[in-house]
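The block underneath contains the structure these notes are about, expressed in structure tokens.
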Number of protein chains: 4
Amino acid sequence: MNFLSDNAGPAHPAVLEALVRANDGYARAYGTDDLTEAARDKLRQVFEAPDARVEFTASGTAANAMLLAELTPPWGTVFATPTAHIEEDECGAIPFMTGGAKITLVDGPDGKMDPAALEAALARYGGPDVHGLARGPVSLTQATEKGTLYTPAEIKAHAQIAHRAGVALHMDGARFANAVAATGASPAELTWRAGVNALSLGATKNGALGLEAMVVFDPDRAPTLARRQMRAGHLLSKHRYLAAQMLAWLDDDLWLDLATRANTACARLAQGLGDKPDVALQYAPAVNIVFADVPVALHRQLQVAGARYTVWAGDPDGPDDAALTIRLVCDWSIDPAAVDRFLALF
Amino acid sequence: MNFLSDNAGPAHPAVLEALVRANDGYARAYGTDDLTEAARDKLRQVFEAPDARVEFTASGTAANAMLLAELTPPWGTVFATPTAHIEEDECGAIPFMTGGAKITLVDGPDGKMDPAALEAALARYGGPDVHGLARGPVSLTQATEKGTLYTPAEIKAHAQIAHRAGVALHMDGARFANAVAATGASPAELTWRAGVNALSLGATKNGALGLEAMVVFDPDRAPTLARRQMRAGHLLSKHRYLAAQMLAWLDDDLWLDLATRANTACARLAQGLGDKPDVALQYAPAVNIVFADVPVALHRQLQVAGARYTVWAGDPDGPDDAALTIRLVCDWSIDPAAVDRFLALF
Amino acid sequence: MNFLSDNAGPAHPAVLEALVRANDGYARAYGTDDLTEAARDKLRQVFEAPDARVEFTASGTAANAMLLAELTPPWGTVFATPTAHIEEDECGAIPFMTGGAKITLVDGPDGKMDPAALEAALARYGGPDVHGLARGPVSLTQATEKGTLYTPAEIKAHAQIAHRAGVALHMDGARFANAVAATGASPAELTWRAGVNALSLGATKNGALGLEAMVVFDPDRAPTLARRQMRAGHLLSKHRYLAAQMLAWLDDDLWLDLATRANTACARLAQGLGDKPDVALQYAPAVNIVFADVPVALHRQLQVAGARYTVWAGDPDGPDDAALTIRLVCDWSIDPAAVDRFLALF
Amino acid sequence: MNFLSDNAGPAHPAVLEALVRANDGYARAYGTDDLTEAARDKLRQVFEAPDARVEFTASGTAANAMLLAELTPPWGTVFATPTAHIEEDECGAIPFMTGGAKITLVDGPDGKMDPAALEAALARYGGPDVHGLARGPVSLTQATEKGTLYTPAEIKAHAQIAHRAGVALHMDGARFANAVAATGASPAELTWRAGVNALSLGATKNGALGLEAMVVFDPDRAPTLARRQMRAGHLLSKHRYLAAQMLAWLDDDLWLDLATRANTACARLAQGLGDKPDVALQYAPAVNIVFADVPVALHRQLQVAGARYTVWAGDPDGPDDAALTIRLVCDWSIDPAAVDRFLALF
């Protein structure tokens with residue numbers, strides 16, 4: 001009954017088997033090997049983007065920060081939601097990697113960015129007056145940290161606003177696979193066809209050991225990505241082990257299969273929780289994350305029974321009837337029976 | 001006949017098997033899991049340093065840069081040899097990660113830093129005058145990029161100079177295993193007992209997939225390493241796959257066994273080359289790297305026969321009798337028969 | 001009728017005369033001259049702070065950014081109001097100079113920071129989890145950008161919150177002279193006695209040519225200020241011309257006399273505006289800045305008559321009866337008759 | 001008898017008088033005022049460069065660092081001599097302001113950069129391999145820190161090498177006025193006609209209070225200079241006081257008159273020193289700096305007599321007959337009689 005995070009789960013065995021297969025003889029280092037080139041090509045096919053620039057690294061924080069650094073001047077501001085990973089969880093990676101850029105927070109309902117609020121925020125920057133910051137890219141998280149989704153039409157709306165303002169649209173796709181699996185839209189429809197210029201595509205939370213792709217649909221927007229990657233220590237030498245993970249992850253749509261498992265388990269979980277009298281769901285979960293309000297007494301009972309999840313808000317040492325918000329994440333490996341066992345605890 | 005680099009070789013099967021074993025169930029993320037703690041402990045035992053701070057990451061460039069960033073102020077200068085990896089091969093990682101520190105070059109014979117030159121270099125910095133830079137750490141590479149070694153006594157001499165000048169001694173140990181295997185000195189004797197304050201310990205070139213440890217023998221010198229690691233995107237989420245590599249690599253002295261294989265193959269190679277009339281060795285190779293001067297005509301012949309190595313200096317398109325310097329590196333997996341086949345080409 | 005900004009006004013003649021007097025013979029450079037030492041001492045006397053560290057530079061943006069860089073780690077966050085100069089007007093100077101720190105916005109009524117909001121904001125940072133940012137200093141602006149003031153008791157409240165949270169209290173005193181003149185509190189009461197740890201003291205807006213002092217009441221909090229100043233190009237060589245300005249500015253309380261003139265003119269302006277039927281004052285102006293809501297038609301009329309001020313919000317090309325917010329600033333040199341002429345335009 | 005530095009001397013009275021004249025009424029801030037525009041125009045005329053971009057600031061370190069930051073990527077290297085101010089005296093301003101760029105040292109005789117050495121140094125960088133640094137600009141100092149000069153033909157040679165390598169030529173002109181006065185070449189001949197792309201033009205050492213101009217002959221090379229200036233705190237608010245200095249300094253060729261005075265005094269000094277049996281000049285001084293070798297005993301005698309200069313090398317507490325290298329700088333205000341008094345001490 002572990003709902004702590006999808007990065008607490010294991011890698012898929014097929015990914016490990018690919019590592020073993022790749023572990024044969026010599027290969028050129030730093031991403032110049034054939035396997036890496038094959039993985040790049042495979043991703044370009046999956047995204048129907050033959051000209052995309054594709055680079056691999058082991059950290060999602062790094063992928064986000066390096067792409068955003070290509071897309072913003074050091075005196076620019078990125079636009080993101082208050083719950084975005086780049087704002088909440090990366091210990092200042094964005095100002096560090098960009099050389100000083102700020103994140104301007106643009107809120108909206110359901111953990112998503114409101115287009116009108118984005119338009120207003122963009123209007124506050126980018127004037128000729130050098131006292132203010134320059135405009136930098138808009139960064140959407142798909143799926144969001146709240147477990148919700150942007151439709152292709154919604155992404156297109158943000159892209160149009162961003163592009164009219166002269167800036168790029170970045171997508172933090174740490175859970176992009178879950179979004180593809182949930183919407184049934186194609187990778188292309190959810191990205192460049194909707195106006196996304198660069199994607200951080202995460203595999204780590206969905207079956208890989210440590211693997212993120214930076215996919216730049218318009219390579220002119222990231223001309224110095226390789227040097228940036230090198231000097232930040234994010235160009236790994238034995239790249240074949242990144243490439244092997246990626247090929248196995250994409251092969252036979254394993255990535256979507258795994259994401260579907262996680263989403264399905266979460267849907268089961270959410271439905272079960274929704275039926276409990278003491279529990280209130282905060283968002284309609286579209287992927288593999290659900291937020292629920294529960295009384296402290298119930299939380300204690302769940303802990304004692306061995307359930308693991310994150311207390312998001314509230315005081316777990318508060319009175320029995322005080323409300324806690326808890327976050328539960330289903331990873332690809334979760335056993336549906338464990339979900340049922342968890343639901344039976346209520 | 002691949003002598004390009006030890007990062008072109010494969011991982012050892014035992015390391016991969018450890019990944020498979022580690023791939024079971026849930027584990028806490030970001031280095032808080034039990035396996036990571038076990039790997040830290042194991043390293044502390046190997047180094048006889050129970051209080052050392054140990055952190056893991058996937059890139060040697062990152063490990064060097066983050067440790068040096070803890071050891072120097074942004075307006076300081078690191079002291080390193082002209083052939084050091086941090087100077088030659090990291091695309092500005094040091095000024096980037098430190099927030100502006102410089103590398104002052106201190107040369108010496110055999111690819112090693114000369115103690116008197118170090119003393120002179122240190123004397124040029126660190127005065128009260130704010131126009132000059134502050135002193136930062138001394139960084140030795142063990143084994144050096146030239147395939148030579150510092151003895152414990154030599155390290156001690158550098159440490160004394162550094163410490164008298166008020167700065168730390170850092171060791172870039174990308175090939176530290178080769179140094180231990182070659183000298184027979186213990187890990188402790190080659191590091192903290194000789195005055196080393198912080199070590200970047202590389203496993204990637206010697207049987208791992210992508211794994212470096214940062215070992216800080218005096219943790220007070222690196223109080224903010226964790227935040228630095230996080231914001232640079234070098235705190236990987238699924239840490240168990242780093243820890244598993246490390247445990248397998250250290251287990252039963254596998255790391256030293258692999259390094260010995262590489263060193264032995266290189267000794268065989270060097271001895272063979274030394275006997276060739278057309279070839280001059282540049283340094284007495286102590287570990288797994290050898291530099292040789294060969295005429296262009298011979299180089300062409302070797303290439304045609306399928307040998308792979310790096311042309312370090314000279315023009316491979318020059319006249320037949322012009323001299324080239326080539327670098328040959330033996331990795332742990334090299335087949336002694338391949339060395340012999342290569343030598344038979346001359 | 002120029003109400004654009006107090007940095008649009010001239011320097012006081014006595015300040016220029018001091019420059020002429022200082023322009024005699026040789027003086028040591030980079031702040032090691034006798035005049036600079038005298039200016040430091042004079043400031044220490046004025047602030048009753050004999051141990052304060054005092055440095056001079058020509059830019060208020062630089063003074064703020066360098067002090068805050070001493071007070072925050074690069075992965076920390078400064079806490080300031082949404083209208084603070086460091087947030088709105090310095091083009092990213094804070095993340096640049098600090099090496100990546102963020103500004104967390106803490107709002108409150110009257111352009112001032114609300115203590116409870118500050119407490120809540122501090123609580124969101126500084127935990128042991130390295131994903132979040134470390135806590136950095138709280139920065140109050142005195143007088144605020146809205147022309148309001150913190151009382152010594154209010155400052156003390158903020159200082160206690162900051163210190164309990166383990167961080168320093170910085171004061172942006174671009175208009176500190178106006179605050180002293182308006183409150184009658186002593187410089188010490190408005191700073192270190194109330195818990196302020198470091199002050200950016202601006203003279204530029206109040207009679208100097210270009211002069212800011214960094215006053216650190218607890219020098220241990222800013223141990224590397226001098227190197228930081230040097231490498232940022234903010235340690236001017238001919239320091240005597242900064243020192244001469246400061247001595248003249250402080251002499252015979254000229255600084256307070258000038259600030260009083262500006263405050264008095266603004267009070268006259270505000271009172272006059274308050275009597276106009278079409279005009280609504282936004283804040284009760286305590287110093288030399290007033291914000292007023294006026295209809296567009298009136299604004300056009302004022303412009304035609306030659307009045308100069310800043311349109312803060314609203315569309316000056318909008319319909320006649322639409323509301324504009326305008327900002328009017330009185331500098332020390334303003335002629336009370338010009339204020340009356342302006343008021344007569346309504 | 002003060003030969004410490006030209007920044008120890010006073011400003012010229014005409015420069016101060018210009019400040020007094022400029023101190024009248026209101027002026028727009030941050031460089032948008034009429035006087036600043038006039039100063040820009042005047043400089044464009046003096047340099048016969050009607051399209052040059054011209055910005056002013058108070059610090060030469062800042063002017064150098066900001067221009068170089070426009071001309072190099074953060075992962076690039078600037079090329080400069082070992083005695084360049086940017087290498088020796090700016091406490092890491094270059095890596096700080098550029099976001100990480102390195103300075104590669106290129107030596108040569110007489111404190112000047114050797115063209116062949118420059119060509120060799122450039123060849124070591126800029127390849128497609130991302131491990132190495134990108135090429136950044138070449139920075140020449142004119143006049144050099146050793147008091148020597150580049151002829152227009154020499155500058156042209158460096159410019160051709162730089163441009164062929166795809167990088168810009170920057171000139172640190174802290175003593176550019178002295179170079180113009182000494183060579184008789186026009187400002188244009190010594191800069192853009194010889195291929196210089198950007199000039200840091202120093203007035204501070206030659207009669208101003210604190211004033212440097214950044215002159216970019218090809219404005220496309222410095223597209224973000226203004227934002228860079230703002231966020232570094234180097235866009236001063238009351239710009240009229242920079243502009244007034246510049247106009248007075250250029251007016252009636254005052255700048256060249258002052259430089260000629262300094263150069264002439266230094267020539268008199270060098271000739272006198274050259275005649276002394278105990279003294280050896282290190283370089284043929286072309287401008288206002290002379291380096292001389294003197295025995296320690298003589299140095300002591302000079303000190304006792306009240307002479308002030310800088311001991312550049314050697315131990316002033318050494319034995320009487322040990323050699324010291326001393327540096328003597330003549331500023332514009334130096335009294336020729338003081339030079340004679342000094343020479344009479346030998």
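Labels used: A, B, ... for chains in the order of the structure tokens, numbers from 1 for residues in each chain, and numbers from 1 for ligands as shown.
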Please list as an NGL selection string every residue within 7 Å of Pro82 of chain A, counting only C-alpha atoms and excluding residues in the same chain fewer than 2 positions away.
:A and (80 or 84 or 87 or 105-107)
Just the residues within 7 Å of Arg175 of chain B, please, counting only C-alpha atoms, with nothing from its chain fewer than 6 positions along; format it as a PyMOL selection string.
chain B and resi 142-143+202
Could you save those same residues with N, CA, C and O atoms as a PDB file, in the first residue's frame?
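The new file result-v3.pdb reads:
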```pdb
ATOM      1  N   GLN B 142      44.171  11.713  -9.478  1.00  0.00           N
ATOM      2  CA  GLN B 142      44.849  10.464  -9.118  1.00  0.00           C
ATOM      3  C   GLN B 142      44.057   9.290  -9.654  1.00  0.00           C
ATOM      4  O   GLN B 142      42.903   9.127  -9.252  1.00  0.00           O
ATOM      5  N   ALA B 143      44.549   8.464 -10.565  1.00  0.00           N
ATOM      6  CA  ALA B 143      45.746   8.661 -11.337  1.00  0.00           C
ATOM      7  C   ALA B 143      45.588   9.849 -12.275  1.00  0.00           C
ATOM      8  O   ALA B 143      44.468  10.236 -12.592  1.00  0.00           O
ATOM      9  N   GLY B 202      35.410   7.894  -8.948  1.00  0.00           N
ATOM     10  CA  GLY B 202      34.725   7.480 -10.162  1.00  0.00           C
ATOM     11  C   GLY B 202      34.624   5.977 -10.296  1.00  0.00           C
ATOM     12  O   GLY B 202      35.627   5.265 -10.174  1.00  0.00           O
TER      13      GLY B 202
END
```
If the cut-off is 12 Å, can you tell me the residues of chain A near chain D, counting only C-alpha atoms? I'd like them as an MDAnalysis selection string.
chainID A and resid 29:32 69 73:76 95:101 126:134 223:237
Those residues you just picked out, can you put them in a file as a compact mmCIF listing (two decimals), in the first residue's frame with N, CA and C atoms?
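File written: again.txt
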```
# COMPACT_ATOMS: atom_id res chain seq x y z
N ALA A 29 31.40 7.40 -26.47
CA ALA A 29 30.87 8.02 -25.25
C ALA A 29 30.11 9.32 -25.56
N TYR A 30 29.48 9.85 -24.58
CA TYR A 30 28.88 11.19 -24.58
C TYR A 30 27.82 11.37 -25.67
N GLY A 31 27.09 10.30 -25.94
CA GLY A 31 25.94 10.45 -26.82
C GLY A 31 26.23 10.36 -28.30
N THR A 32 27.43 9.91 -28.66
CA THR A 32 27.77 9.79 -30.09
C THR A 32 27.68 8.35 -30.57
N ALA A 69 16.61 27.21 -19.74
CA ALA A 69 17.76 28.09 -19.90
C ALA A 69 18.02 28.41 -21.37
N PRO A 73 16.25 34.51 -21.62
CA PRO A 73 17.49 35.22 -21.26
C PRO A 73 17.66 35.20 -19.74
N PRO A 74 18.87 35.40 -19.27
CA PRO A 74 19.11 35.38 -17.82
C PRO A 74 18.28 36.43 -17.08
N TRP A 75 17.89 37.49 -17.76
CA TRP A 75 17.09 38.55 -17.13
C TRP A 75 15.63 38.42 -17.56
N GLY A 76 15.22 37.20 -17.85
CA GLY A 76 13.83 36.97 -18.22
C GLY A 76 13.07 36.32 -17.10
N PRO A 95 16.71 29.52 -11.53
CA PRO A 95 17.63 30.67 -11.54
C PRO A 95 19.09 30.23 -11.67
N PHE A 96 19.43 29.09 -11.11
CA PHE A 96 20.81 28.62 -11.21
C PHE A 96 21.18 28.32 -12.66
N MET A 97 20.40 27.50 -13.30
CA MET A 97 20.78 27.03 -14.63
C MET A 97 20.61 28.13 -15.68
N THR A 98 19.65 29.02 -15.48
CA THR A 98 19.42 30.09 -16.44
C THR A 98 20.34 31.28 -16.22
N GLY A 99 21.04 31.30 -15.11
CA GLY A 99 21.86 32.47 -14.82
C GLY A 99 21.06 33.63 -14.25
N GLY A 100 19.91 33.33 -13.66
CA GLY A 100 19.21 34.40 -12.95
C GLY A 100 17.74 34.60 -13.25
N ALA A 101 17.16 33.79 -14.13
CA ALA A 101 15.76 34.04 -14.47
C ALA A 101 14.84 33.77 -13.30
N GLY A 126 8.39 42.57 -20.45
CA GLY A 126 8.82 42.58 -21.84
C GLY A 126 8.78 43.93 -22.51
N GLY A 127 8.48 44.96 -21.75
CA GLY A 127 8.49 46.29 -22.35
C GLY A 127 9.92 46.75 -22.63
N PRO A 128 10.04 47.90 -23.27
CA PRO A 128 11.38 48.38 -23.60
C PRO A 128 12.14 48.85 -22.36
N ASP A 129 11.41 49.15 -21.28
CA ASP A 129 12.05 49.65 -20.07
C ASP A 129 12.95 48.56 -19.47
N VAL A 130 14.23 48.87 -19.32
CA VAL A 130 15.15 47.84 -18.85
C VAL A 130 15.04 47.55 -17.36
N HIS A 131 14.18 48.30 -16.64
CA HIS A 131 14.04 47.99 -15.22
C HIS A 131 13.28 46.68 -15.01
N GLY A 132 12.37 46.40 -15.89
CA GLY A 132 11.60 45.17 -15.75
C GLY A 132 12.32 44.01 -16.41
N LEU A 133 11.82 42.84 -16.17
CA LEU A 133 12.41 41.64 -16.76
C LEU A 133 11.91 41.46 -18.18
N ALA A 134 12.70 40.74 -18.95
CA ALA A 134 12.26 40.31 -20.27
C ALA A 134 11.30 39.13 -20.10
N PRO A 223 19.91 26.37 -29.47
CA PRO A 223 21.15 26.17 -30.23
C PRO A 223 22.35 25.77 -29.38
N THR A 224 22.32 26.07 -28.09
CA THR A 224 23.51 25.80 -27.28
C THR A 224 23.22 24.75 -26.20
N LEU A 225 22.23 23.93 -26.47
CA LEU A 225 21.84 22.93 -25.46
C LEU A 225 22.99 21.98 -25.12
N ALA A 226 23.78 21.59 -26.11
CA ALA A 226 24.83 20.60 -25.86
C ALA A 226 25.90 21.15 -24.92
N ARG A 227 26.33 22.38 -25.16
CA ARG A 227 27.36 22.96 -24.27
C ARG A 227 26.79 23.13 -22.86
N ARG A 228 25.55 23.56 -22.80
CA ARG A 228 24.90 23.76 -21.50
C ARG A 228 24.84 22.43 -20.74
N GLN A 229 24.52 21.37 -21.47
CA GLN A 229 24.43 20.04 -20.87
C GLN A 229 25.82 19.60 -20.38
N MET A 230 26.81 19.85 -21.18
CA MET A 230 28.16 19.43 -20.81
C MET A 230 28.63 20.16 -19.57
N ARG A 231 28.53 21.47 -19.56
CA ARG A 231 29.13 22.20 -18.45
C ARG A 231 28.34 22.05 -17.16
N ALA A 232 27.11 21.59 -17.28
CA ALA A 232 26.34 21.32 -16.06
C ALA A 232 26.54 19.89 -15.57
N GLY A 233 27.39 19.13 -16.25
CA GLY A 233 27.62 17.74 -15.84
C GLY A 233 26.45 16.84 -16.17
N HIS A 234 25.65 17.22 -17.15
CA HIS A 234 24.48 16.41 -17.50
C HIS A 234 24.60 15.72 -18.85
N LEU A 235 25.82 15.68 -19.37
CA LEU A 235 26.07 14.87 -20.55
C LEU A 235 26.82 13.63 -20.05
N LEU A 236 26.09 12.56 -19.81
CA LEU A 236 26.71 11.38 -19.22
C LEU A 236 27.63 10.70 -20.22
N SER A 237 28.68 10.06 -19.72
CA SER A 237 29.64 9.48 -20.66
C SER A 237 29.10 8.20 -21.30
```
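With only C-alpha atoms taken into account, the protein and nucleic acid residues at most 9 Å from segment 298-304 of chain A (excluding it and anything under 6 positions from it in its own chain) are Asp278, Pro316, Asp320, Asp321, Leu324, Ile326, Phe342, Leu345 and Phe346 of chain A.
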Those of segment 112-151 of chain D in DSSP strand (DSSP E or B), formatted as an NGL selection string
:D and (134-141)
Using C-alpha atoms, can you export the residues from the last selection as a tab-separated table (two decimals), in the first residue's frame?
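The file below, out_12.tsv, is the result:
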```tsv
chain	number	residue	atom	x	y	z
D	134	ALA	CA	33.77	27.94	-27.11
D	135	ARG	CA	35.89	30.78	-28.40
D	136	GLY	CA	35.19	34.18	-26.98
D	137	PRO	CA	36.59	37.60	-27.76
D	138	VAL	CA	40.20	38.72	-27.81
D	139	SER	CA	40.83	41.56	-25.36
D	140	LEU	CA	43.77	43.91	-25.93
D	141	THR	CA	44.72	46.59	-23.43
```
Which neighbours of Ala168 of chain B fall inside 10 Å, counting only C-alpha atoms, when residues of the same chain fewer than 6 positions from it are skipped, and could you give them as a CSV table (one decimal) with all heavy atoms, in the first residue's frame?
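The result, stored in result17.csv:
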```
chain,number,residue,atom,x,y,z
B,68,LEU,N,34.2,21.0,-5.6
B,68,LEU,CA,35.0,22.2,-5.6
B,68,LEU,C,34.2,23.5,-5.3
B,68,LEU,O,34.7,24.4,-4.6
B,68,LEU,CB,35.7,22.4,-7.0
B,68,LEU,CG,36.8,21.3,-7.2
B,68,LEU,CD1,37.2,21.3,-8.7
B,68,LEU,CD2,38.0,21.5,-6.3
B,71,LEU,N,34.2,24.0,-1.7
B,71,LEU,CA,35.6,24.2,-1.2
B,71,LEU,C,36.1,25.6,-1.5
B,71,LEU,O,37.2,26.0,-1.0
B,71,LEU,CB,36.5,23.1,-1.6
B,71,LEU,CG,36.2,21.7,-1.1
B,71,LEU,CD1,37.1,20.7,-1.7
B,71,LEU,CD2,36.2,21.6,0.4
B,72,THR,N,35.5,26.3,-2.5
B,72,THR,CA,36.1,27.6,-2.9
B,72,THR,C,35.0,28.6,-2.8
B,72,THR,O,33.8,28.4,-3.1
B,72,THR,CB,36.6,27.5,-4.3
B,72,THR,OG1,37.2,28.8,-4.7
B,72,THR,CG2,35.5,27.3,-5.4
B,78,VAL,N,40.8,27.8,-7.9
B,78,VAL,CA,41.2,26.4,-7.8
B,78,VAL,C,42.6,26.3,-8.4
B,78,VAL,O,42.9,27.0,-9.3
B,78,VAL,CB,40.2,25.5,-8.5
B,78,VAL,CG1,40.7,24.0,-8.4
B,78,VAL,CG2,38.8,25.6,-7.8
B,135,ARG,N,42.1,32.5,-2.3
B,135,ARG,CA,42.6,31.1,-2.6
B,135,ARG,C,41.5,30.1,-2.4
B,135,ARG,O,40.7,30.2,-1.5
B,135,ARG,CB,43.7,30.7,-1.5
B,135,ARG,CG,45.0,31.4,-1.7
B,135,ARG,CD,45.9,31.0,-0.5
B,135,ARG,NE,47.1,31.8,-0.6
B,135,ARG,CZ,47.8,32.1,0.5
B,135,ARG,NH1,47.4,31.7,1.7
B,135,ARG,NH2,49.0,32.8,0.4
B,136,GLY,N,41.5,29.2,-3.4
B,136,GLY,CA,40.6,28.0,-3.3
B,136,GLY,C,41.4,26.8,-3.2
B,136,GLY,O,42.6,26.8,-3.0
B,137,PRO,N,40.7,25.6,-3.3
B,137,PRO,CA,41.3,24.3,-3.0
B,137,PRO,C,42.4,24.0,-4.1
B,137,PRO,O,42.3,24.4,-5.2
B,137,PRO,CB,40.2,23.4,-3.1
B,137,PRO,CG,39.1,24.0,-3.9
B,137,PRO,CD,39.3,25.5,-3.6
B,138,VAL,N,43.2,23.1,-3.7
B,138,VAL,CA,44.1,22.4,-4.7
B,138,VAL,C,43.5,21.1,-5.1
B,138,VAL,O,42.9,20.4,-4.3
B,138,VAL,CB,45.5,22.1,-4.0
B,138,VAL,CG1,46.4,21.3,-4.9
B,138,VAL,CG2,46.1,23.4,-3.5
B,139,SER,N,43.5,20.9,-6.4
B,139,SER,CA,42.9,19.7,-7.0
B,139,SER,C,43.9,18.8,-7.7
B,139,SER,O,44.5,19.2,-8.7
B,139,SER,CB,41.7,20.0,-7.9
B,139,SER,OG,41.1,18.9,-8.4
B,159,ALA,N,49.3,18.3,0.3
B,159,ALA,CA,48.3,18.6,1.4
B,159,ALA,C,48.9,19.6,2.4
B,159,ALA,O,48.2,20.5,2.8
B,159,ALA,CB,47.9,17.3,2.1
B,160,GLN,N,50.2,19.4,2.7
B,160,GLN,CA,50.7,20.3,3.7
B,160,GLN,C,50.8,21.7,3.1
B,160,GLN,O,50.5,22.7,3.8
B,160,GLN,CB,52.1,19.8,4.1
B,160,GLN,CG,52.0,18.7,5.1
B,160,GLN,CD,53.4,18.0,5.4
B,160,GLN,OE1,54.4,18.3,4.8
B,160,GLN,NE2,53.4,17.0,6.3
B,161,ILE,N,51.2,21.8,1.9
B,161,ILE,CA,51.3,23.1,1.3
B,161,ILE,C,49.9,23.7,1.2
B,161,ILE,O,49.7,24.9,1.6
B,161,ILE,CB,51.8,23.0,-0.2
B,161,ILE,CG1,53.3,22.6,-0.1
B,161,ILE,CG2,51.7,24.3,-0.9
B,161,ILE,CD1,53.9,22.1,-1.4
B,162,ALA,N,48.9,23.0,0.8
B,162,ALA,CA,47.5,23.5,0.7
B,162,ALA,C,47.0,23.9,2.1
B,162,ALA,O,46.5,25.0,2.3
B,162,ALA,CB,46.6,22.4,0.2
B,195,GLY,N,46.1,13.6,3.8
B,195,GLY,CA,45.6,15.0,3.8
B,195,GLY,C,44.5,15.4,2.8
B,195,GLY,O,44.1,16.5,2.8
B,196,VAL,N,44.0,14.4,2.1
B,196,VAL,CA,43.0,14.7,1.1
B,196,VAL,C,41.7,15.0,1.9
B,196,VAL,O,41.3,14.3,2.8
B,196,VAL,CB,42.7,13.6,0.1
B,196,VAL,CG1,41.5,13.8,-0.7
B,196,VAL,CG2,44.0,13.4,-0.7
B,197,ASN,N,41.0,16.1,1.6
B,197,ASN,CA,39.8,16.5,2.3
B,197,ASN,C,38.5,16.0,1.6
B,197,ASN,O,37.5,15.8,2.3
B,197,ASN,CB,39.7,18.0,2.5
B,197,ASN,CG,41.0,18.5,3.2
B,197,ASN,OD1,41.8,19.2,2.6
B,197,ASN,ND2,41.1,18.2,4.5
B,198,ALA,N,38.6,15.9,0.3
B,198,ALA,CA,37.4,15.5,-0.4
B,198,ALA,C,37.8,14.8,-1.7
B,198,ALA,O,38.8,15.2,-2.4
B,198,ALA,CB,36.5,16.7,-0.8
B,221,ARG,N,33.5,20.8,5.8
B,221,ARG,CA,34.0,21.5,4.7
B,221,ARG,C,33.0,21.5,3.5
B,221,ARG,O,33.2,22.2,2.5
B,221,ARG,CB,35.3,20.9,4.1
B,221,ARG,CG,36.5,21.1,5.1
B,221,ARG,CD,37.8,20.7,4.4
B,221,ARG,NE,38.9,20.8,5.2
B,221,ARG,CZ,39.8,21.8,5.2
B,221,ARG,NH1,39.7,22.8,4.4
B,221,ARG,NH2,40.9,21.7,6.0
```
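Among A:Ala11, A:Ala65, A:Leu256, A:Ile334, the residue with the shortest atom-to-atom distance to Lys102 of chain A, counting only C-alpha atoms, is A:Ala65.
All residues of protein, DNA or RNA that reach within 7 Å of Ala280 of chain A, judged by only C-alpha atoms and not counting those fewer than 6 positions away in the chain, are Gly274, Ala292, Asp293 and Val294 of chain A.
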Skip Glu189 of chain B itself and residues of its chain fewer than 3 positions away, then list as an MDAnalysis selection string all residues within 12 Å of it, counting only C-alpha atoms.
chainID B and resid 46:49 150:156 179:180 183:186 192:196
Would you export the selected residues with C-alpha atoms as a compact mmCIF listing (two decimals), in the first residue's frame, please?
```txt
# COMPACT_ATOMS: atom_id res chain seq x y z
CA VAL B 46 36.50 0.86 2.58
CA PHE B 47 38.03 4.23 3.34
CA GLU B 48 38.22 3.61 7.10
CA ALA B 49 36.46 6.92 7.48
CA TYR B 150 51.16 10.40 -6.88
CA THR B 151 52.64 8.42 -4.01
CA PRO B 152 51.11 8.90 -0.57
CA ALA B 153 54.19 10.92 0.36
CA GLU B 154 53.70 13.19 -2.63
CA ILE B 155 50.06 13.71 -1.79
CA LYS B 156 51.07 14.52 1.76
CA ALA B 179 45.71 4.09 -8.45
CA VAL B 180 44.85 1.87 -5.50
CA THR B 183 50.22 1.32 -5.68
CA GLY B 184 48.95 -1.25 -3.26
CA ALA B 185 48.36 1.61 -0.86
CA SER B 186 45.03 1.55 0.92
CA TRP B 192 42.61 11.33 4.14
CA ARG B 193 45.69 9.89 5.81
CA ALA B 194 47.72 11.85 3.29
CA GLY B 195 45.61 14.96 3.84
CA VAL B 196 42.97 14.74 1.13
```
